[in-house]
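Here is the file final_8.txt (compact mmCIF, C-alpha atoms).
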# COMPACT_ATOMS: atom_id res chain seq x y z
CA MET A 273 -0.68 17.57 -52.87
CA ASN A 274 0.31 14.20 -51.51
CA ARG A 275 3.96 14.57 -52.18
CA HIS A 276 4.53 14.81 -48.45
CA PRO A 277 1.65 12.90 -46.97
CA ILE A 278 1.04 13.65 -43.31
CA ASP A 279 1.09 10.51 -41.22
CA ASP A 280 -1.76 9.32 -39.02
CA GLU A 281 0.05 10.08 -35.80
CA THR A 282 0.43 13.72 -36.72
CA LEU A 283 -3.21 14.04 -37.72
CA MET A 284 -4.27 12.33 -34.50
CA ALA A 285 -2.05 14.67 -32.50
CA PHE A 286 -3.71 17.55 -34.31
CA ALA A 287 -7.15 16.25 -33.36
CA ASP A 288 -5.95 15.84 -29.78
CA GLY A 289 -4.48 19.34 -29.61
CA GLU A 290 -1.01 17.93 -29.05
CA LEU A 291 0.85 19.63 -31.90
CA ASP A 292 3.13 22.61 -31.64
CA GLU A 293 1.93 25.69 -33.41
CA ALA A 294 4.08 25.37 -36.51
CA THR A 295 3.10 21.77 -37.20
CA ALA A 296 -0.53 22.50 -36.44
CA LYS A 297 -0.44 25.25 -39.04
CA LYS A 298 0.86 22.84 -41.64
CA VAL A 299 -1.91 20.39 -40.87
CA GLU A 300 -4.48 23.15 -41.16
CA GLU A 301 -3.15 24.01 -44.56
CA ALA A 302 -3.28 20.39 -45.60
CA ILE A 303 -6.85 20.11 -44.37
CA ASN A 304 -7.85 23.10 -46.45
CA ALA A 305 -6.10 21.74 -49.48
CA ASP A 306 -7.23 18.14 -49.27
CA GLU A 307 -10.61 16.88 -48.18
CA THR A 308 -9.30 13.44 -47.38
CA VAL A 309 -6.91 14.89 -44.83
CA ALA A 310 -9.89 16.52 -43.17
CA GLU A 311 -11.64 13.16 -43.09
CA ARG A 312 -8.68 11.48 -41.54
CA VAL A 313 -8.53 14.13 -38.85
CA ALA A 314 -12.25 13.70 -38.27
CA LEU A 315 -11.72 9.97 -37.81
CA PHE A 316 -9.38 10.63 -34.92
CA ALA A 317 -11.62 13.25 -33.37
CA GLU A 318 -14.61 10.92 -33.55
CA SER A 319 -12.72 7.90 -32.31
CA ARG A 320 -11.62 9.84 -29.26
CA ALA A 321 -15.19 10.80 -28.48
CA LEU A 322 -16.31 7.22 -29.04
CA ALA A 323 -13.63 5.81 -26.77
CA ARG A 324 -14.43 8.35 -24.09
CA ASP A 325 -18.15 7.53 -24.22
CA ALA A 326 -17.55 3.80 -24.28
CA LEU A 327 -15.25 4.06 -21.28
CA GLU A 328 -17.55 6.34 -19.33
CA PRO A 329 -19.83 3.66 -17.83
CA ARG A 330 -16.88 2.12 -16.00
CA LEU A 331 -16.31 5.41 -14.28
CA ASP A 332 -19.95 5.64 -13.23
CA ALA A 333 -20.06 2.11 -11.92
CA PRO A 334 -20.39 2.21 -8.14
CA VAL A 335 -17.29 1.25 -6.19
CA PRO A 336 -18.04 -2.03 -4.37
CA ALA A 337 -18.49 -1.50 -0.64
CA SER A 338 -15.96 -4.24 0.06
CA LEU A 339 -13.26 -2.45 -1.92
CA LEU A 340 -14.05 0.87 -0.31
CA ALA A 341 -13.91 -0.68 3.13
CA ALA A 342 -10.61 -2.41 2.36
CA VAL A 343 -9.04 0.82 1.16
CA GLU A 344 -10.35 2.77 4.12
CA ALA A 345 -8.93 0.12 6.45
CA ALA A 346 -5.57 0.35 4.67
CA ILE A 347 -5.60 4.10 5.15
CA ALA A 348 -6.38 3.78 8.85
CA ARG A 349 -3.66 1.17 9.23
CA ALA A 350 -1.13 3.32 7.39
CA LYS A 351 -1.89 6.22 9.71
CA SER A 352 -1.40 4.24 12.89
CA GLU A 353 1.72 2.49 11.60
CA ASP A 354 3.05 5.82 10.54
CA THR A 355 2.44 7.33 13.93
CA ALA A 356 4.23 4.47 15.61
CA ALA A 357 7.12 4.58 13.16
CA ARG A 358 7.53 8.30 13.47
CA GLU A 359 7.72 8.04 17.19
CA ALA A 360 10.04 5.09 17.19
CA ASP A 361 13.16 6.89 16.16
CA ILE A 362 13.10 9.78 18.53
CA ILE A 363 13.43 9.45 22.20
CA ALA A 364 14.77 6.86 24.53
CA PHE A 365 12.33 6.50 27.30
CA ARG A 366 14.55 7.31 30.21
CA GLN A 367 15.53 10.63 28.75
CA ARG A 368 12.16 11.99 28.07
CA LYS A 369 9.76 13.97 30.12
CA PRO A 370 6.04 13.56 30.14
CA ALA A 371 4.16 15.27 27.42
CA VAL A 372 0.92 15.72 29.22
CA PRO A 373 0.32 19.40 29.88
CA PRO A 374 0.42 20.48 33.51
CA ALA A 375 -3.19 21.52 33.43
CA ALA A 376 -4.22 18.04 32.55
CA ASN A 377 -2.13 16.65 35.33
CA GLU A 378 -3.75 18.87 37.90
CA ASN A 379 -7.06 17.36 37.05
CA ARG A 380 -5.91 13.91 37.87
CA PRO A 381 -3.31 14.06 40.58
CA ALA A 382 -3.63 10.40 41.30
CA PHE A 383 -2.49 9.68 37.80
CA SER A 384 0.30 12.21 37.62
CA ARG A 385 2.91 9.53 37.85
CA LEU A 386 1.18 7.60 35.17
CA ALA A 387 0.62 10.53 32.92
CA LEU A 388 3.66 9.94 30.86
CA ALA A 389 2.23 9.41 27.47
CA ALA A 390 1.65 11.91 24.77
CA ALA A 391 -1.80 12.92 23.76
CA CYS A 392 -2.14 10.46 20.96
CA VAL A 393 -0.03 7.37 21.10
CA ALA A 394 2.84 6.39 23.29
CA MET A 395 4.94 3.32 22.99
CA ILE A 396 7.21 2.99 25.89
CA ALA A 397 10.70 1.69 25.79
CA SER A 398 11.98 -1.14 27.78
CA GLY A 399 14.99 -3.13 26.83
CA VAL A 400 15.73 -3.60 23.18
CA VAL A 401 12.45 -2.62 21.69
CA GLY A 402 11.89 0.86 22.80
CA TYR A 403 9.46 3.39 21.63
CA ILE A 404 8.01 6.44 23.13
CA ALA A 405 5.70 9.00 21.76
CA GLY A 406 7.00 12.39 22.01
CA GLY A 407 6.70 16.02 21.52
CA GLY A 408 5.97 17.94 24.62
CA THR A 409 8.50 18.48 27.34
CA GLN A 410 6.41 20.60 29.63
CA SER A 411 5.77 18.71 32.75
CA ALA A 412 7.85 18.85 35.87
CA SER A 413 7.68 15.26 36.97
CA PRO A 414 10.59 13.31 35.59
CA SER A 415 9.46 9.91 34.65
CA ARG A 416 11.31 6.74 34.51
CA ILE A 417 9.07 3.86 33.88
CA ALA A 418 6.51 5.59 35.94
CA LEU A 419 3.72 3.36 34.85
CA ILE A 420 5.28 0.25 36.23
CA ASP A 421 6.51 2.12 39.29
CA ALA A 422 3.08 3.25 40.30
CA PRO A 423 2.44 1.69 43.69
CA GLY A 424 0.56 -1.53 43.39
CA VAL A 425 1.05 -2.21 39.67
CA ASP A 426 3.79 -4.74 40.27
CA GLU A 427 1.67 -6.49 42.81
CA ALA A 428 -1.38 -6.44 40.58
CA LEU A 429 0.60 -7.88 37.67
CA SER A 430 1.70 -10.76 39.83
CA ASN A 431 -1.68 -11.52 41.31
CA VAL A 432 -4.72 -10.40 39.36
CA ALA A 433 -6.09 -13.02 37.01
CA SER A 434 -7.10 -11.88 33.55
CA GLY A 435 -10.55 -10.39 33.62
CA GLY A 436 -10.00 -9.23 37.17
CA GLU A 437 -9.51 -5.73 38.53
CA MET A 438 -7.67 -4.15 41.38
CA GLU A 439 -7.86 -0.68 42.89
CA LEU A 440 -4.41 0.87 43.10
CA THR A 441 -3.30 2.55 46.27
CA ALA A 442 -2.13 5.52 44.22
CA GLY A 443 -5.62 5.78 42.76
CA GLY A 444 -6.99 4.42 39.55
CA ALA A 445 -7.78 0.89 38.60
CA PHE A 446 -5.73 -1.95 37.23
CA ARG A 447 -7.51 -4.34 34.91
CA ALA A 448 -5.83 -7.51 33.68
CA ILE A 449 -6.74 -8.30 30.07
CA SER A 450 -4.74 -11.35 29.12
CA SER A 451 -1.51 -13.24 29.56
CA PHE A 452 0.71 -14.71 26.88
CA ARG A 453 4.28 -15.66 26.14
CA ASP A 454 6.39 -13.71 23.68
CA GLU A 455 8.78 -15.25 21.18
CA THR A 456 11.53 -15.47 23.78
CA ASP A 457 9.10 -17.27 26.09
CA ARG A 458 8.82 -14.43 28.54
CA PHE A 459 5.60 -14.33 30.49
CA CYS A 460 3.79 -11.13 29.50
CA ARG A 461 0.55 -9.51 30.47
CA GLU A 462 -1.69 -7.07 28.73
CA PHE A 463 -3.44 -4.75 31.10
CA GLU A 464 -5.19 -1.43 31.42
CA LEU A 465 -4.76 1.33 33.91
CA ALA A 466 -7.64 3.69 34.22
CA GLY A 467 -8.52 6.70 36.21
CA ASP A 468 -10.31 9.99 35.67
CA GLY A 469 -11.30 9.13 32.14
CA SER A 470 -7.76 8.63 30.99
CA GLY A 471 -5.77 5.49 30.89
CA TYR A 472 -3.29 3.25 29.24
CA VAL A 473 -3.35 -0.07 27.57
CA ALA A 474 -0.03 -1.66 28.32
CA VAL A 475 2.04 -4.79 28.15
CA ALA A 476 4.52 -5.81 30.80
CA CYS A 477 6.81 -8.80 30.70
CA ARG A 478 8.40 -10.67 33.54
CA GLU A 479 12.08 -11.43 33.61
CA ALA A 480 13.89 -12.96 36.55
CA GLY A 481 10.89 -12.23 38.70
CA ASP A 482 10.74 -8.52 37.85
CA TRP A 483 8.13 -6.83 35.75
CA SER A 484 9.22 -4.43 33.08
CA LEU A 485 6.96 -2.35 30.95
CA ALA A 486 7.29 -3.25 27.31
CA PHE A 487 4.58 -1.19 25.70
CA ALA A 488 1.96 1.35 26.59
CA VAL A 489 -0.48 3.30 24.56
CA ASP A 490 -2.47 6.23 25.81
CA ALA A 491 -6.10 5.25 25.75
CA PRO A 492 -8.90 7.50 26.85
CA ILE A 493 -10.85 4.71 28.44
CA ALA A 494 -14.57 5.16 28.41
CA GLU A 495 -16.46 4.99 31.64
CA GLY A 496 -16.61 1.40 32.75
CA GLY A 497 -15.37 0.40 29.35
CA TYR A 498 -12.28 -0.72 27.64
CA ALA A 499 -9.84 1.06 25.42
CA PRO A 500 -10.99 2.28 22.01
CA ALA A 501 -10.22 0.41 18.84
CA SER A 502 -7.55 2.81 17.63
CA SER A 503 -5.38 2.09 20.65
CA LEU A 504 -5.95 -1.59 20.21
CA GLU A 505 -4.75 -1.50 16.62
CA THR A 506 -1.47 -0.09 17.83
CA LEU A 507 -1.35 -2.75 20.49
CA ASP A 508 -2.02 -5.44 17.91
CA SER A 509 0.86 -4.22 15.78
CA TYR A 510 3.07 -4.35 18.81
CA LEU A 511 1.96 -7.82 19.83
CA THR A 512 2.61 -9.06 16.33
CA SER A 513 6.07 -7.50 16.38
CA ILE A 514 7.10 -9.36 19.52
CA GLY A 515 5.69 -12.66 18.34
CA ALA A 516 3.08 -12.82 21.05
CA GLY A 517 1.51 -16.23 21.41
CA GLN A 518 -2.14 -17.05 22.01
CA PRO A 519 -3.58 -15.87 25.31
CA LEU A 520 -2.89 -18.39 28.04
CA SER A 521 -5.75 -20.35 29.52
CA ALA A 522 -6.81 -19.50 33.04
CA GLU A 523 -4.99 -22.59 34.34
CA ASP A 524 -1.76 -21.84 32.49
CA GLU A 525 -1.92 -18.24 33.60
CA ALA A 526 -2.43 -19.23 37.24
CA ALA A 527 0.53 -21.60 36.98
CA ALA A 528 2.73 -18.90 35.47
CA LEU A 529 1.67 -16.36 38.09
CA ALA A 530 2.58 -18.86 40.78
CA GLU A 531 6.09 -19.36 39.44
CA MET B 202 4.36 12.27 7.24
CA THR B 203 1.02 11.33 8.61
CA ASP B 204 -0.37 14.36 6.86
CA THR B 205 0.95 13.05 3.57
CA LYS B 206 -0.77 9.75 4.15
CA VAL B 207 -4.01 11.43 5.14
CA GLU B 208 -3.84 13.46 1.96
CA ILE B 209 -3.01 10.47 -0.20
CA GLY B 210 -5.77 8.49 1.45
CA LYS B 211 -8.28 11.16 0.49
CA GLN B 212 -7.07 11.25 -3.07
CA LEU B 213 -7.18 7.48 -3.34
CA ILE B 214 -10.78 7.33 -2.20
CA ALA B 215 -11.80 10.03 -4.66
CA PHE B 216 -9.90 8.36 -7.48
CA LEU B 217 -11.18 4.81 -6.99
CA PRO B 218 -13.53 4.87 -10.02
CA ASN B 219 -10.68 5.90 -12.33
CA MET B 220 -8.37 3.34 -10.78
CA ARG B 221 -10.95 0.61 -11.28
CA ARG B 222 -11.35 1.58 -14.89
CA PHE B 223 -7.63 1.66 -15.55
CA GLY B 224 -7.34 -1.64 -13.67
CA PHE B 225 -9.91 -3.13 -16.00
CA SER B 226 -7.94 -1.94 -19.00
CA LEU B 227 -4.98 -3.87 -17.63
CA THR B 228 -6.70 -7.00 -16.39
CA ARG B 229 -9.89 -7.22 -18.47
CA SER B 230 -11.62 -8.50 -15.37
CA GLN B 231 -13.33 -6.26 -12.86
CA ASP B 232 -12.60 -8.64 -9.99
CA LYS B 233 -8.93 -8.67 -10.78
CA ALA B 234 -9.04 -4.94 -11.32
CA ASP B 235 -10.49 -4.44 -7.85
CA ASP B 236 -7.82 -6.63 -6.28
CA LEU B 237 -5.24 -4.64 -8.13
CA VAL B 238 -6.76 -1.35 -6.98
CA GLN B 239 -6.65 -2.49 -3.38
CA ALA B 240 -3.05 -3.65 -3.64
CA ALA B 241 -2.10 -0.38 -5.32
CA CYS B 242 -3.72 1.64 -2.54
CA GLU B 243 -1.74 -0.29 0.03
CA ARG B 244 1.45 0.18 -1.92
CA ALA B 245 0.75 3.88 -2.38
CA LEU B 246 0.19 4.37 1.34
CA SER B 247 3.33 2.51 2.28
CA ARG B 248 5.33 4.54 -0.21
CA ALA B 249 3.64 7.85 0.37
CA ASP B 250 7.04 9.52 0.50
CA GLY B 251 7.51 8.61 -3.14
CA PHE B 252 4.80 11.00 -4.17
CA GLU B 253 6.04 14.50 -4.80
CA PRO B 254 3.39 17.08 -4.05
CA GLY B 255 2.68 19.15 -7.12
CA THR B 256 3.20 16.23 -9.49
CA ARG B 257 0.42 14.25 -11.10
CA PHE B 258 -1.29 11.99 -8.62
CA ASP B 259 -3.05 10.07 -11.39
CA ALA B 260 0.17 9.23 -13.19
CA TRP B 261 1.76 8.16 -9.92
CA ILE B 262 -0.99 5.80 -8.89
CA PHE B 263 -1.46 4.42 -12.42
CA ARG B 264 2.21 3.63 -12.54
CA ILE B 265 1.97 1.81 -9.23
CA MET B 266 -0.98 -0.19 -10.55
CA ARG B 267 0.81 -1.05 -13.73
CA ASN B 268 3.97 -2.16 -11.98
CA LEU B 269 1.98 -4.34 -9.62
CA TRP B 270 0.13 -5.86 -12.52
CA ILE B 271 3.33 -6.59 -14.41
CA ASP B 272 4.78 -8.19 -11.27
CA GLN B 273 1.69 -10.29 -10.94
CA ILE B 274 1.88 -11.47 -14.52
CA ARG B 275 5.50 -12.37 -14.07
CA ARG B 276 4.81 -14.29 -10.91
CA ASN B 277 1.91 -16.15 -12.32
CA ARG B 278 2.36 -16.69 -15.99
CA THR B 279 0.08 -19.65 -16.16
CA ALA B 280 -3.06 -17.79 -15.20
CA GLY B 281 -3.87 -15.76 -18.26
CA PRO B 282 -6.11 -12.75 -18.08
CA GLN B 283 -9.71 -13.61 -17.40
CA ASP B 284 -12.08 -11.68 -19.49
CA ASP B 285 -15.41 -10.53 -18.37
CA ILE B 286 -16.47 -9.13 -21.63
CA ASP B 287 -20.06 -9.94 -20.82
CA ALA B 288 -19.90 -7.71 -17.77
CA GLN B 289 -18.55 -5.00 -20.00
CA ALA B 290 -21.50 -5.39 -22.34
CA ASP B 291 -23.91 -5.42 -19.42
CA LEU B 292 -22.50 -2.22 -18.09
CA VAL B 293 -23.02 -0.45 -21.34
CA GLY B 294 -26.35 -2.17 -21.87
CA ALA B 295 -27.66 -0.91 -18.57
CA GLU B 296 -27.53 2.68 -19.70
CA GLY B 297 -31.21 2.99 -20.52
CA GLU B 298 -33.73 2.46 -23.24
CA ARG B 299 -33.26 5.52 -25.35
CA GLU B 300 -30.87 5.94 -28.19
CA VAL B 301 -30.82 2.25 -28.79
CA HIS B 302 -28.69 2.49 -31.84
CA ALA B 303 -26.04 4.70 -30.27
CA ARG B 304 -26.04 2.44 -27.26
CA MET B 305 -25.45 -0.63 -29.35
CA GLU B 306 -22.68 1.11 -31.17
CA LEU B 307 -21.10 2.09 -27.89
CA ALA B 308 -21.39 -1.48 -26.67
CA GLU B 309 -19.58 -2.61 -29.78
CA VAL B 310 -16.90 -0.03 -29.22
CA ALA B 311 -16.56 -1.08 -25.59
CA ARG B 312 -16.15 -4.66 -26.75
CA ALA B 313 -13.59 -3.60 -29.31
CA ILE B 314 -11.65 -1.79 -26.60
CA VAL B 315 -11.56 -4.97 -24.53
CA ASP B 316 -10.31 -6.85 -27.58
CA LEU B 317 -7.46 -4.43 -28.28
CA PRO B 318 -3.94 -5.54 -27.46
CA GLN B 319 -3.25 -4.47 -23.90
CA GLU B 320 -0.45 -2.13 -24.89
CA GLN B 321 -2.90 -0.20 -27.04
CA ARG B 322 -5.78 -0.41 -24.59
CA GLU B 323 -3.97 1.09 -21.62
CA ILE B 324 -2.85 4.05 -23.72
CA LEU B 325 -6.34 4.55 -25.07
CA VAL B 326 -7.76 4.64 -21.56
CA LEU B 327 -5.12 7.07 -20.34
CA VAL B 328 -5.49 9.48 -23.26
CA CYS B 329 -9.16 9.24 -24.19
CA GLY B 330 -10.50 8.29 -20.75
CA GLU B 331 -8.19 10.17 -18.43
CA ASP B 332 -7.29 13.00 -20.80
CA MET B 333 -3.62 12.56 -20.15
CA ALA B 334 -1.15 14.20 -22.52
CA TYR B 335 1.00 11.98 -24.74
CA LYS B 336 4.16 12.99 -22.94
CA ASP B 337 2.68 12.13 -19.54
CA VAL B 338 1.62 8.74 -20.81
CA ALA B 339 5.05 8.17 -22.33
CA SER B 340 6.70 8.97 -19.03
CA LEU B 341 4.21 6.83 -17.08
CA LEU B 342 4.87 3.84 -19.34
CA ASP B 343 8.58 4.52 -19.86
CA ILE B 344 8.27 4.39 -23.63
CA PRO B 345 9.02 6.96 -26.34
CA ILE B 346 6.26 9.39 -27.19
CA GLY B 347 6.34 8.11 -30.79
CA THR B 348 5.39 4.67 -29.53
CA VAL B 349 2.51 6.12 -27.54
CA MET B 350 1.28 7.85 -30.67
CA SER B 351 1.57 4.87 -33.00
CA ARG B 352 -0.19 2.52 -30.58
CA LEU B 353 -2.88 5.07 -29.91
CA ALA B 354 -3.44 5.75 -33.61
CA ARG B 355 -3.75 2.04 -34.27
CA ALA B 356 -6.27 1.63 -31.47
CA ARG B 357 -8.34 4.58 -32.64
CA LYS B 358 -8.43 3.38 -36.23
CA LYS B 359 -9.66 0.02 -35.01
CA LEU B 360 -12.44 1.63 -33.00
CA ALA B 361 -13.41 3.85 -35.91
CA GLU B 362 -13.60 0.78 -38.10
CA VAL B 363 -15.86 -1.01 -35.61
CA ALA B 364 -18.10 2.04 -35.44
CA GLY B 365 -18.23 2.30 -39.21
CA ILE B 366 -16.20 5.48 -39.48
CA LYS B 367 -13.97 5.19 -42.49
CA PRO B 368 -11.73 7.55 -44.29
CA ARG B 369 -11.55 7.15 -48.02
CA ALA B 370 -9.64 4.05 -48.90
CA GLY B 371 -5.91 4.23 -49.31
CA ARG B 372 -5.41 7.50 -47.49
CA SER B 373 -4.26 6.20 -44.18
CA VAL B 374 -0.57 6.75 -43.66
CA GLY B 375 0.96 4.88 -40.78
CA ARG B 376 4.23 5.47 -39.08
CA ASN B 377 6.76 2.83 -38.29
CA ASP B 378 8.41 3.42 -34.97
CA GLY B 379 10.10 0.04 -34.72
CA GLN B 380 8.38 -0.69 -31.40
CA GLY B 381 5.96 -3.32 -32.63
CA GLN B 382 2.22 -2.93 -32.15

Translate this file's structure into structure tokens.
Amino acid sequence: MNRHPIDDETLMAFADGELDEATAKKVEEAINADETVAERVALFAESRALARDALEPRLDAPVPASLLAAVEAAIARAKSEDTAAREADIIAFRQRKPAVPPAANENRPAFSRLALAAACVAMIASGVVGYIAGGGTQSASPSRIALIDAPGVDEALSNVASGGEMELTAGGAFRAISSFRDETDRFCREFELAGDGSGYVAVACREAGDWSLAFAVDAPIAEGGYAPASSLETLDSYLTSIGAGQPLSAEDEAAALAE
Amino acid sequence: MTDTKVEIGKQLIAFLPNMRRFGFSLTRSQDKADDLVQAACERALSRADGFEPGTRFDAWIFRIMRNLWIDQIRRNRTAGPQDDIDAQADLVGAEGEREVHARMELAEVARAIVDLPQEQREILVLVCGEDMAYKDVASLLDIPIGTVMSRLARARKKLAEVAGIKPRAGRSVGRNDGQGQ
């Protein structure tokens, strides 16, 4: 009977339902012929149940709120990074046309020149680092760096202190958020443009006295309020990528504006 | 691409309890397990393209966890695994007042699982806890299926012994697969 003893692994595999039919049949025969084989199989069946039951409480243990929050934050971050990355490789800014549907433009004529960003996120190219959100090619108005070209934006960038606002002649409002220097020591400003419930959070940098738009993200700005957090996360990623320094103090900003 | 990440994010959230448990089987510390789970989620999201739809999500994320853990051990050999065996016992002990005997036995088994060599413990959790097939575990761990089986059999015999389940003496026939434990 024990001339060809069946090893533990095979009996365990039998208990686990892992054997092919032919081998399983042999084990069945051995079980019928030898009680001790049956006991050995039972040991593996019971030990599986025991292990499962002993491991079960760890599955029922509540997930700590801190872990859940961290994972959810990672997911949100991955989504926004992904959006930015996906849009990075497509379109050079000067070649693209605005993605905002014509109907939307009609509702906010004053912002038609500004309405260059896609519905979700737009990062606008200027110089080396150049991103633009893309997709739609519907609108008629060809846009260069329309945002910066909007009448009054240049002037506002050069004059409005952070925290201050200025009505643009083309309509809409300019709001200066902060000033900083990037890693190449360019003087840069974060600002918002708002009008008709839509708007942009943007960064422009000054070089040889001229302002160029470095970044913009479409931000449906709430009434009287500032851009929503999702836009700001994208902005943060951008600021990190250009090595943005701490916001300048009011004095330093005034001095830089006066240069 | 974003859709993939959204989908993976959902699966990660739903799978957190299993990840924490597998993490504990690797680290023997729930705090370390949670750190590992978080790191694995971040890795999974950044490598979402590496997941092929239609393949096993559990095997994919467990493999990520395991690789991270191995990296961590390599980087930091001096800090040995911290056990929180007491927490393990508390968890089991908190189950309720009934079936005191069965509960105590389960607590002993849980303790015995913690005391298993890690290479046996992770396989035990994957097969008996996660119901993974031997071949899936073998592929997850990059070891031969025979090694999975011999480690698993050894672990199960140990648990049976702790729980007082014994076959008649002298009948156990082991297999030597040359892979150690």

Do me a favour and pick out the residues of chain A within 7 Å of chain B, using only C-alpha atoms, as a list in words.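 Filtering chain A at 7 Å from chain B with only C-alpha atoms gives Asp279, Asp280, Glu281, Met284, Thr308, Glu311, Arg312, Leu315, Phe316, Ser319, Arg320, Ala323, Arg324, Ala326, Leu327, Pro329, Arg330, Leu331, Val335, Leu339, Ala342, Val343, Ala346, Ile347, Ala350, Lys351, Asp354 and Thr355 of chain A.
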
Closest of A:Arg458, A:Gln518, A:Ala294, A:Phe463 to A:Val432, counting all atoms listed in the file, is A:Phe463

Separation of atom CA of A:Arg447 from atom CA of A:Glu464, in Å and rounded to one decimal: 5.1 Å

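Look at B:Leu342: the protein and nucleic acid residues within 10 Å of it, using all atoms listed in the file and passing over chain neighbours fewer than 4 places away, are Ala260, Phe263, Arg264, Arg267, Asn268, Glu320, Glu323, Ile324, Lys336, Asp337, Val338, Ile346 and Val349 of chain B.
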
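If you measure from each of B:Ile262, B:Met333, B:Ile271, B:Ala215 to A:Glu344 using all atoms listed in the file, the closest one turns out to be B:Ala215.
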
When you count all atoms listed in the file, which of these residues is closest to A:Asp454: A:Gly515, A:Pro277, A:Gly289, A:Pro334? A:Gly515

Hey, can you check how far atom CA of A:Met438 sits from atom CA of A:Ala488? 18.5 Å

Hey, can you check how far atom CA of A:Ala333 sits from atom CA of B:Met266?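 Here the two named atoms are 19.3 Å from each other.
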
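For the residues B:Arg229, B:Pro345, B:Asp250, B:Gly224, ranking by smallest atom-to-atom distance to B:Leu269 using only C-alpha atoms places B:Gly224 first.
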
Restricting the calculation to only C-alpha atoms: of A:Val309, A:Val473, A:Ile278, A:Ala442, which residue gets closest to A:Thr295?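 Among the listed residues, the smallest separation from A:Thr295 belongs to A:Ile278.
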